[in-house]
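For reference, input-v4.tsv is printed below; it contains TSV, N, CA, C and O atoms.
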chain	number	residue	atom	x	y	z
T	1	MET	N	18.95	-57.67	52.05
T	1	MET	CA	19.81	-57.97	50.94
T	1	MET	C	20.92	-56.93	50.90
T	1	MET	O	20.67	-55.75	51.02
T	2	SER	N	22.12	-57.35	50.74
T	2	SER	CA	23.22	-56.40	50.65
T	2	SER	C	23.87	-56.52	49.27
T	2	SER	O	23.84	-57.54	48.63
T	3	VAL	N	24.44	-55.44	48.85
T	3	VAL	CA	25.08	-55.39	47.55
T	3	VAL	C	26.51	-54.93	47.74
T	3	VAL	O	26.77	-54.01	48.49
T	4	SER	N	27.40	-55.58	47.07
T	4	SER	CA	28.81	-55.22	47.18
T	4	SER	C	29.07	-53.89	46.49
T	4	SER	O	28.59	-53.63	45.40
T	5	ASP	N	29.87	-53.06	47.14
T	5	ASP	CA	30.28	-51.79	46.54
T	5	ASP	C	31.18	-52.03	45.33
T	5	ASP	O	31.40	-51.13	44.53
T	6	GLU	N	31.67	-53.23	45.20
T	6	GLU	CA	32.59	-53.55	44.12
T	6	GLU	C	31.87	-53.97	42.84
T	6	GLU	O	32.49	-54.22	41.84
T	7	ASP	N	30.53	-54.03	42.85
T	7	ASP	CA	29.76	-54.45	41.68
T	7	ASP	C	29.38	-53.22	40.85
T	7	ASP	O	28.44	-52.50	41.18
T	8	PRO	N	30.09	-52.96	39.76
T	8	PRO	CA	29.83	-51.75	38.97
T	8	PRO	C	28.50	-51.79	38.21
T	8	PRO	O	28.02	-50.77	37.76
T	9	ASP	N	27.91	-52.98	38.05
T	9	ASP	CA	26.65	-53.10	37.31
T	9	ASP	C	25.43	-52.85	38.17
T	9	ASP	O	24.32	-52.73	37.67
T	10	TYR	N	25.61	-52.75	39.47
T	10	TYR	CA	24.48	-52.52	40.37
T	10	TYR	C	24.09	-51.05	40.33
T	10	TYR	O	24.90	-50.18	40.53
T	11	HIS	N	22.82	-50.77	40.04
T	11	HIS	CA	22.41	-49.38	40.12
T	11	HIS	C	21.27	-49.12	41.06
T	11	HIS	O	20.86	-48.00	41.21
T	12	GLY	N	20.74	-50.06	41.75
T	12	GLY	CA	19.72	-49.81	42.75
T	12	GLY	C	18.50	-50.71	42.60
T	12	GLY	O	18.36	-51.43	41.62
T	13	TRP	N	17.64	-50.62	43.59
T	13	TRP	CA	16.41	-51.40	43.58
T	13	TRP	C	15.47	-50.91	42.49
T	13	TRP	O	15.33	-49.71	42.27
T	14	HIS	N	14.79	-51.84	41.83
T	14	HIS	CA	13.77	-51.50	40.85
T	14	HIS	C	12.42	-51.92	41.41
T	14	HIS	O	12.28	-53.02	41.93
T	15	VAL	N	11.43	-51.04	41.28
T	15	VAL	CA	10.08	-51.33	41.73
T	15	VAL	C	9.44	-52.32	40.76
T	15	VAL	O	9.53	-52.15	39.54
T	16	GLN	N	8.82	-53.35	41.30
T	16	GLN	CA	8.13	-54.35	40.49
T	16	GLN	C	6.84	-53.74	39.93
T	16	GLN	O	6.29	-52.80	40.49
T	17	PRO	N	6.31	-54.30	38.83
T	17	PRO	CA	5.05	-53.80	38.28
T	17	PRO	C	3.93	-53.91	39.33
T	17	PRO	O	3.93	-54.80	40.17
T	18	LEU	N	2.99	-52.96	39.25
T	18	LEU	CA	1.87	-52.98	40.20
T	18	LEU	C	1.06	-54.25	40.09
T	18	LEU	O	0.74	-54.70	38.98
T	19	GLN	N	0.74	-54.82	41.23
T	19	GLN	CA	-0.12	-56.00	41.29
T	19	GLN	C	-1.57	-55.55	41.08
T	19	GLN	O	-1.93	-54.43	41.45
T	20	PRO	N	-2.42	-56.40	40.51
T	20	PRO	CA	-3.81	-56.01	40.25
T	20	PRO	C	-4.55	-55.57	41.51
T	20	PRO	O	-5.39	-54.68	41.45
T	21	ASP	N	-4.25	-56.16	42.64
T	21	ASP	CA	-4.97	-55.84	43.88
T	21	ASP	C	-4.15	-54.91	44.79
T	21	ASP	O	-4.30	-54.94	46.00
T	22	HIS	N	-3.35	-54.04	44.19
T	22	HIS	CA	-2.47	-53.17	44.99
T	22	HIS	C	-3.27	-52.16	45.82
T	22	HIS	O	-4.38	-51.77	45.47
T	23	ALA	N	-2.67	-51.77	46.92
T	23	ALA	CA	-3.25	-50.74	47.79
T	23	ALA	C	-2.71	-49.38	47.37
T	23	ALA	O	-1.67	-49.30	46.72
T	24	GLN	N	-3.40	-48.34	47.74
T	24	GLN	CA	-2.97	-46.98	47.40
T	24	GLN	C	-2.35	-46.31	48.62
T	24	GLN	O	-2.95	-46.30	49.69
T	25	VAL	N	-1.16	-45.76	48.47
T	25	VAL	CA	-0.50	-45.00	49.53
T	25	VAL	C	-1.07	-43.58	49.51
T	25	VAL	O	-1.32	-43.02	48.44
T	26	VAL	N	-1.24	-43.00	50.67
T	26	VAL	CA	-1.65	-41.60	50.76
T	26	VAL	C	-0.37	-40.77	50.75
T	26	VAL	O	0.49	-40.93	51.61
T	27	TRP	N	-0.24	-39.90	49.76
T	27	TRP	CA	0.94	-39.05	49.61
T	27	TRP	C	0.60	-37.62	50.00
T	27	TRP	O	-0.46	-37.11	49.67
T	28	TYR	N	1.54	-36.97	50.68
T	28	TYR	CA	1.37	-35.61	51.17
T	28	TYR	C	2.46	-34.71	50.61
T	28	TYR	O	3.54	-35.18	50.24
T	29	GLU	N	2.19	-33.41	50.61
T	29	GLU	CA	3.23	-32.44	50.28
T	29	GLU	C	4.29	-32.51	51.39
T	29	GLU	O	3.94	-32.66	52.56
T	30	PRO	N	5.56	-32.41	51.06
T	30	PRO	CA	6.61	-32.46	52.09
T	30	PRO	C	6.51	-31.28	53.06
T	30	PRO	O	6.17	-30.17	52.66
T	31	VAL	N	6.78	-31.59	54.31
T	31	VAL	CA	6.81	-30.57	55.35
T	31	VAL	C	8.16	-30.69	56.04
T	31	VAL	O	8.55	-31.77	56.48
T	32	ARG	N	8.87	-29.59	56.15
T	32	ARG	CA	10.20	-29.63	56.80
T	32	ARG	C	9.99	-29.76	58.31
T	32	ARG	O	9.58	-28.82	58.97
T	33	ARG	N	10.27	-30.94	58.83
T	33	ARG	CA	10.07	-31.21	60.26
T	33	ARG	C	11.37	-31.39	61.01
T	33	ARG	O	11.37	-31.42	62.23
T	34	ALA	N	12.45	-31.59	60.29
T	34	ALA	CA	13.74	-31.85	60.93
T	34	ALA	C	14.83	-31.16	60.12
T	34	ALA	O	14.71	-31.06	58.90
T	35	PRO	N	15.90	-30.71	60.78
T	35	PRO	CA	16.97	-30.03	60.05
T	35	PRO	C	17.75	-30.95	59.12
T	35	PRO	O	18.27	-30.51	58.10
T	36	ARG	N	17.78	-32.23	59.47
T	36	ARG	CA	18.49	-33.21	58.63
T	36	ARG	C	17.64	-34.46	58.47
T	36	ARG	O	17.03	-34.93	59.43
T	37	ILE	N	17.64	-34.98	57.26
T	37	ILE	CA	16.92	-36.22	56.97
T	37	ILE	C	17.93	-37.21	56.40
T	37	ILE	O	18.71	-36.86	55.50
T	38	ARG	N	17.91	-38.41	56.93
T	38	ARG	CA	18.83	-39.46	56.46
T	38	ARG	C	18.07	-40.40	55.53
T	38	ARG	O	17.00	-40.90	55.87
T	39	VAL	N	18.60	-40.63	54.34
T	39	VAL	CA	18.03	-41.60	53.41
T	39	VAL	C	18.66	-42.95	53.71
T	39	VAL	O	19.88	-43.11	53.56
T	40	SER	N	17.84	-43.90	54.14
T	40	SER	CA	18.35	-45.23	54.50
T	40	SER	C	18.56	-46.12	53.29
T	40	SER	O	19.54	-46.85	53.20
T	41	VAL	N	17.62	-46.07	52.36
T	41	VAL	CA	17.69	-46.88	51.15
T	41	VAL	C	16.83	-46.20	50.09
T	41	VAL	O	15.92	-45.44	50.43
T	42	HIS	N	17.15	-46.44	48.82
T	42	HIS	CA	16.40	-45.80	47.74
T	42	HIS	C	16.31	-46.72	46.54
T	42	HIS	O	17.09	-47.66	46.41
T	43	THR	N	15.36	-46.42	45.68
T	43	THR	CA	15.24	-47.19	44.44
T	43	THR	C	16.20	-46.61	43.42
T	43	THR	O	16.81	-45.56	43.63
T	44	CYS	N	16.31	-47.27	42.30
T	44	CYS	CA	17.28	-46.93	41.28
T	44	CYS	C	17.01	-45.55	40.66
T	44	CYS	O	15.88	-45.22	40.32
T	45	GLY	N	18.07	-44.79	40.50
T	45	GLY	CA	17.98	-43.47	39.90
T	45	GLY	C	17.78	-43.49	38.40
T	45	GLY	O	17.57	-42.44	37.80
T	46	CYS	N	17.80	-44.66	37.78
T	46	CYS	CA	17.56	-44.72	36.34
T	46	CYS	C	16.07	-44.66	36.01
T	46	CYS	O	15.70	-44.54	34.86
T	47	GLN	N	15.22	-44.72	37.03
T	47	GLN	CA	13.77	-44.66	36.84
T	47	GLN	C	13.28	-43.22	36.95
T	47	GLN	O	13.92	-42.39	37.60
T	48	VAL	N	12.14	-42.93	36.37
T	48	VAL	CA	11.55	-41.59	36.45
T	48	VAL	C	11.09	-41.30	37.87
T	48	VAL	O	11.26	-40.19	38.37
T	49	ILE	N	10.49	-42.30	38.52
T	49	ILE	CA	10.03	-42.13	39.89
T	49	ILE	C	11.00	-42.85	40.82
T	49	ILE	O	11.29	-44.03	40.63
T	50	VAL	N	11.49	-42.11	41.80
T	50	VAL	CA	12.44	-42.66	42.77
T	50	VAL	C	11.80	-42.60	44.15
T	50	VAL	O	11.20	-41.60	44.53
T	51	TYR	N	11.92	-43.71	44.88
T	51	TYR	CA	11.41	-43.80	46.26
T	51	TYR	C	12.58	-43.86	47.21
T	51	TYR	O	13.58	-44.54	46.93
T	52	GLU	N	12.46	-43.18	48.36
T	52	GLU	CA	13.51	-43.19	49.37
T	52	GLU	C	12.87	-43.48	50.72
T	52	GLU	O	11.84	-42.89	51.06
T	53	LEU	N	13.49	-44.37	51.47
T	53	LEU	CA	13.10	-44.60	52.86
T	53	LEU	C	13.94	-43.63	53.68
T	53	LEU	O	15.17	-43.72	53.69
T	54	CYS	N	13.28	-42.69	54.35
T	54	CYS	CA	13.95	-41.60	55.05
T	54	CYS	C	13.69	-41.70	56.55
T	54	CYS	O	12.66	-42.19	56.97
T	55	ALA	N	14.64	-41.17	57.33
T	55	ALA	CA	14.50	-41.16	58.79
T	55	ALA	C	14.98	-39.83	59.34
T	55	ALA	O	15.93	-39.24	58.83
T	56	ALA	N	14.28	-39.38	60.39
T	56	ALA	CA	14.68	-38.15	61.09
T	56	ALA	C	13.89	-38.07	62.39
T	56	ALA	O	12.72	-38.44	62.44
T	57	GLY	N	14.52	-37.58	63.42
T	57	GLY	CA	13.83	-37.35	64.67
T	57	GLY	C	13.15	-38.57	65.27
T	57	GLY	O	12.09	-38.45	65.88
T	58	GLY	N	13.73	-39.74	65.07
T	58	GLY	CA	13.15	-40.96	65.63
T	58	GLY	C	11.97	-41.52	64.86
T	58	GLY	O	11.34	-42.48	65.30
T	59	GLN	N	11.65	-40.93	63.71
T	59	GLN	CA	10.56	-41.44	62.88
T	59	GLN	C	11.07	-41.66	61.48
T	59	GLN	O	12.19	-41.29	61.14
T	60	ALA	N	10.21	-42.25	60.64
T	60	ALA	CA	10.60	-42.53	59.25
T	60	ALA	C	9.41	-42.28	58.33
T	60	ALA	O	8.26	-42.21	58.78
T	61	PHE	N	9.71	-42.15	57.06
T	61	PHE	CA	8.68	-41.96	56.04
T	61	PHE	C	9.26	-42.35	54.69
T	61	PHE	O	10.47	-42.54	54.55
T	62	VAL	N	8.40	-42.48	53.69
T	62	VAL	CA	8.84	-42.76	52.33
T	62	VAL	C	8.63	-41.50	51.51
T	62	VAL	O	7.57	-40.89	51.53
T	63	ARG	N	9.68	-41.12	50.79
T	63	ARG	CA	9.62	-39.96	49.89
T	63	ARG	C	9.51	-40.48	48.46
T	63	ARG	O	10.20	-41.42	48.07
T	64	ARG	N	8.65	-39.84	47.67
T	64	ARG	CA	8.43	-40.21	46.27
T	64	ARG	C	8.75	-38.99	45.41
T	64	ARG	O	8.12	-37.95	45.53
T	65	THR	N	9.76	-39.13	44.54
T	65	THR	CA	10.16	-38.05	43.65
T	65	THR	C	9.86	-38.46	42.22
T	65	THR	O	10.35	-39.47	41.74
T	66	ASP	N	9.03	-37.67	41.55
T	66	ASP	CA	8.70	-37.88	40.14
T	66	ASP	C	9.49	-36.84	39.35
T	66	ASP	O	9.17	-35.66	39.36
T	67	ARG	N	10.54	-37.30	38.71
T	67	ARG	CA	11.44	-36.37	38.03
T	67	ARG	C	10.85	-35.82	36.74
T	67	ARG	O	11.20	-34.73	36.32
T	68	LYS	N	9.90	-36.52	36.14
T	68	LYS	CA	9.25	-36.02	34.93
T	68	LYS	C	8.30	-34.87	35.27
T	68	LYS	O	8.30	-33.84	34.63
T	69	ARG	N	7.50	-35.05	36.32
T	69	ARG	CA	6.55	-34.02	36.74
T	69	ARG	C	7.16	-32.99	37.68
T	69	ARG	O	6.54	-32.01	38.03
T	70	LYS	N	8.39	-33.29	38.12
T	70	LYS	CA	9.11	-32.41	39.06
T	70	LYS	C	8.31	-32.20	40.35
T	70	LYS	O	8.13	-31.07	40.80
T	71	THR	N	7.84	-33.33	40.91
T	71	THR	CA	7.09	-33.28	42.16
T	71	THR	C	7.73	-34.18	43.20
T	71	THR	O	8.36	-35.18	42.86
T	72	VAL	N	7.56	-33.80	44.46
T	72	VAL	CA	8.04	-34.60	45.58
T	72	VAL	C	6.89	-34.73	46.57
T	72	VAL	O	6.25	-33.73	46.91
T	73	HIS	N	6.62	-35.96	46.99
T	73	HIS	CA	5.60	-36.22	48.00
T	73	HIS	C	6.17	-37.18	49.02
T	73	HIS	O	7.18	-37.85	48.77
T	74	GLU	N	5.51	-37.27	50.17
T	74	GLU	CA	5.97	-38.21	51.19
T	74	GLU	C	4.77	-38.78	51.93
T	74	GLU	O	3.69	-38.20	51.93
T	75	THR	N	5.00	-39.92	52.55
T	75	THR	CA	3.98	-40.52	53.40
T	75	THR	C	3.95	-39.76	54.71
T	75	THR	O	4.79	-38.90	54.97
T	76	ALA	N	3.00	-40.10	55.55
T	76	ALA	CA	3.01	-39.58	56.91
T	76	ALA	C	4.27	-40.08	57.61
T	76	ALA	O	4.81	-41.13	57.25
T	77	TRP	N	4.74	-39.34	58.59
T	77	TRP	CA	5.87	-39.79	59.40
T	77	TRP	C	5.33	-40.80	60.40
T	77	TRP	O	4.25	-40.62	60.96
T	78	MET	N	6.08	-41.87	60.63
T	78	MET	CA	5.60	-42.97	61.46
T	78	MET	C	6.78	-43.73	62.06
T	78	MET	O	7.93	-43.37	61.82
T	79	ALA	N	6.46	-44.78	62.79
T	79	ALA	CA	7.51	-45.66	63.34
T	79	ALA	C	8.33	-46.22	62.18
T	79	ALA	O	7.79	-46.50	61.10
T	80	THR	N	9.61	-46.39	62.42
T	80	THR	CA	10.52	-46.87	61.38
T	80	THR	C	10.07	-48.20	60.78
T	80	THR	O	10.11	-48.37	59.56
T	81	ALA	N	9.63	-49.13	61.61
T	81	ALA	CA	9.20	-50.44	61.10
T	81	ALA	C	8.03	-50.31	60.14
T	81	ALA	O	7.96	-51.00	59.12
T	82	ALA	N	7.10	-49.41	60.43
T	82	ALA	CA	5.93	-49.22	59.56
T	82	ALA	C	6.35	-48.60	58.23
T	82	ALA	O	5.87	-49.01	57.16
T	83	ALA	N	7.24	-47.62	58.26
T	83	ALA	CA	7.71	-46.99	57.02
T	83	ALA	C	8.51	-47.99	56.18
T	83	ALA	O	8.37	-48.03	54.96
T	84	ARG	N	9.30	-48.81	56.84
T	84	ARG	CA	10.07	-49.84	56.12
T	84	ARG	C	9.12	-50.82	55.42
T	84	ARG	O	9.34	-51.22	54.29
T	85	ARG	N	8.03	-51.16	56.09
T	85	ARG	CA	7.04	-52.07	55.50
T	85	ARG	C	6.39	-51.44	54.27
T	85	ARG	O	6.22	-52.11	53.25
T	86	ILE	N	6.05	-50.17	54.33
T	86	ILE	CA	5.48	-49.49	53.16
T	86	ILE	C	6.48	-49.49	52.01
T	86	ILE	O	6.12	-49.76	50.87
T	87	PHE	N	7.75	-49.21	52.32
T	87	PHE	CA	8.79	-49.21	51.29
T	87	PHE	C	8.88	-50.60	50.64
T	87	PHE	O	8.96	-50.71	49.42
T	88	GLU	N	8.83	-51.65	51.44
T	88	GLU	CA	8.88	-53.01	50.90
T	88	GLU	C	7.67	-53.32	50.03
T	88	GLU	O	7.80	-53.98	49.00
T	89	LEU	N	6.49	-52.85	50.44
T	89	LEU	CA	5.29	-53.06	49.64
T	89	LEU	C	5.37	-52.32	48.31
T	89	LEU	O	4.95	-52.83	47.27
T	90	ILE	N	5.94	-51.11	48.32
T	90	ILE	CA	6.14	-50.37	47.07
T	90	ILE	C	7.08	-51.14	46.16
T	90	ILE	O	6.81	-51.31	44.97
T	91	LEU	N	8.19	-51.62	46.70
T	91	LEU	CA	9.16	-52.39	45.91
T	91	LEU	C	8.53	-53.61	45.26
T	91	LEU	O	8.84	-53.96	44.12
T	92	SER	N	7.62	-54.26	45.98
T	92	SER	CA	7.01	-55.51	45.48
T	92	SER	C	5.81	-55.26	44.57
T	92	SER	O	5.24	-56.21	44.07
T	93	GLY	N	5.42	-53.99	44.37
T	93	GLY	CA	4.29	-53.69	43.51
T	93	GLY	C	2.94	-53.88	44.18
T	93	GLY	O	1.91	-53.86	43.52
T	94	LYS	N	2.94	-54.06	45.50
T	94	LYS	CA	1.69	-54.29	46.21
T	94	LYS	C	1.02	-53.01	46.66
T	94	LYS	O	-0.10	-53.03	47.19
T	95	THR	N	1.69	-51.89	46.47
T	95	THR	CA	1.11	-50.59	46.80
T	95	THR	C	1.78	-49.53	45.93
T	95	THR	O	2.86	-49.74	45.41
T	96	ALA	N	1.09	-48.43	45.75
T	96	ALA	CA	1.63	-47.36	44.90
T	96	ALA	C	1.30	-46.01	45.50
T	96	ALA	O	0.39	-45.86	46.25
Let me see the structure of the file written as structure tokens.
Amino acid sequence: MSVSDEDPDYHGWHVQPLQPDHAQVVWYEPVRRAPRIRVSVHTCGCQVIVYELCAAGGQAFVRRTDRKRKTVHETAWMATAAARRIFELILSGKTA
């Protein structure tokens, strides 16, 4: 899905409510593994918890920032397609 840069009302993806049968993501403390990390896509900054699909060094991971608790966690680093799938499951409420 693409969004026009000309749409001033667009503020980002919103995570859907958790589904009753959702899976649990394993979250880890961040480890600096690469000098630069590229954020490919992220959820809306108007939410307390923001998710980012990140890439570096030929791998990808999902970063979870809880601005209320002031914590940052990330998934394991993995193939880009696998990280993208986890990000999509988070967006759909099928995992947390």
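Here the question is which of T:Lys68, T:His73, T:His22, T:Arg63 gets nearest to Ala96 of chain T using only C-alpha atoms, and that residue is T:His22.
The residue that comes closest to Thr95 of chain T, out of T:Val25, T:Val39, T:Val15, T:Met78 and on the basis of only C-alpha atoms, is T:Val25.
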Exercise. With all atoms listed in the file counted, which protein, DNA or RNA residues have an atom no more than 4.5 Å from (12.6, -38.2, 62.5) in the file frame? Please answer as a ChimeraX atom specification.
Key: /T:55-59
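Checking T:Arg67, T:Ser92, T:Ile86, T:Leu18 one by one against Val48 of chain T, counting all atoms listed in the file, you find the shortest gap at T:Arg67.
With distances taken over only N, CA, C and O atoms, T:Val50 is the one residue among T:Arg33, T:Gly45, T:Val50, T:His14 lying closest to Asp66 of chain T.
Those residues of segment 36-89 of chain T that DSSP, working from the backbone, places in helix (DSSP H, G or I) are Thr80, Ala81, Ala82, Ala83, Arg84, Arg85, Ile86, Phe87, Glu88 and Leu89 of chain T.
Across the model, the gap from atom N of Phe61 of chain T to atom O of His11 of chain T is 20.2 Å.
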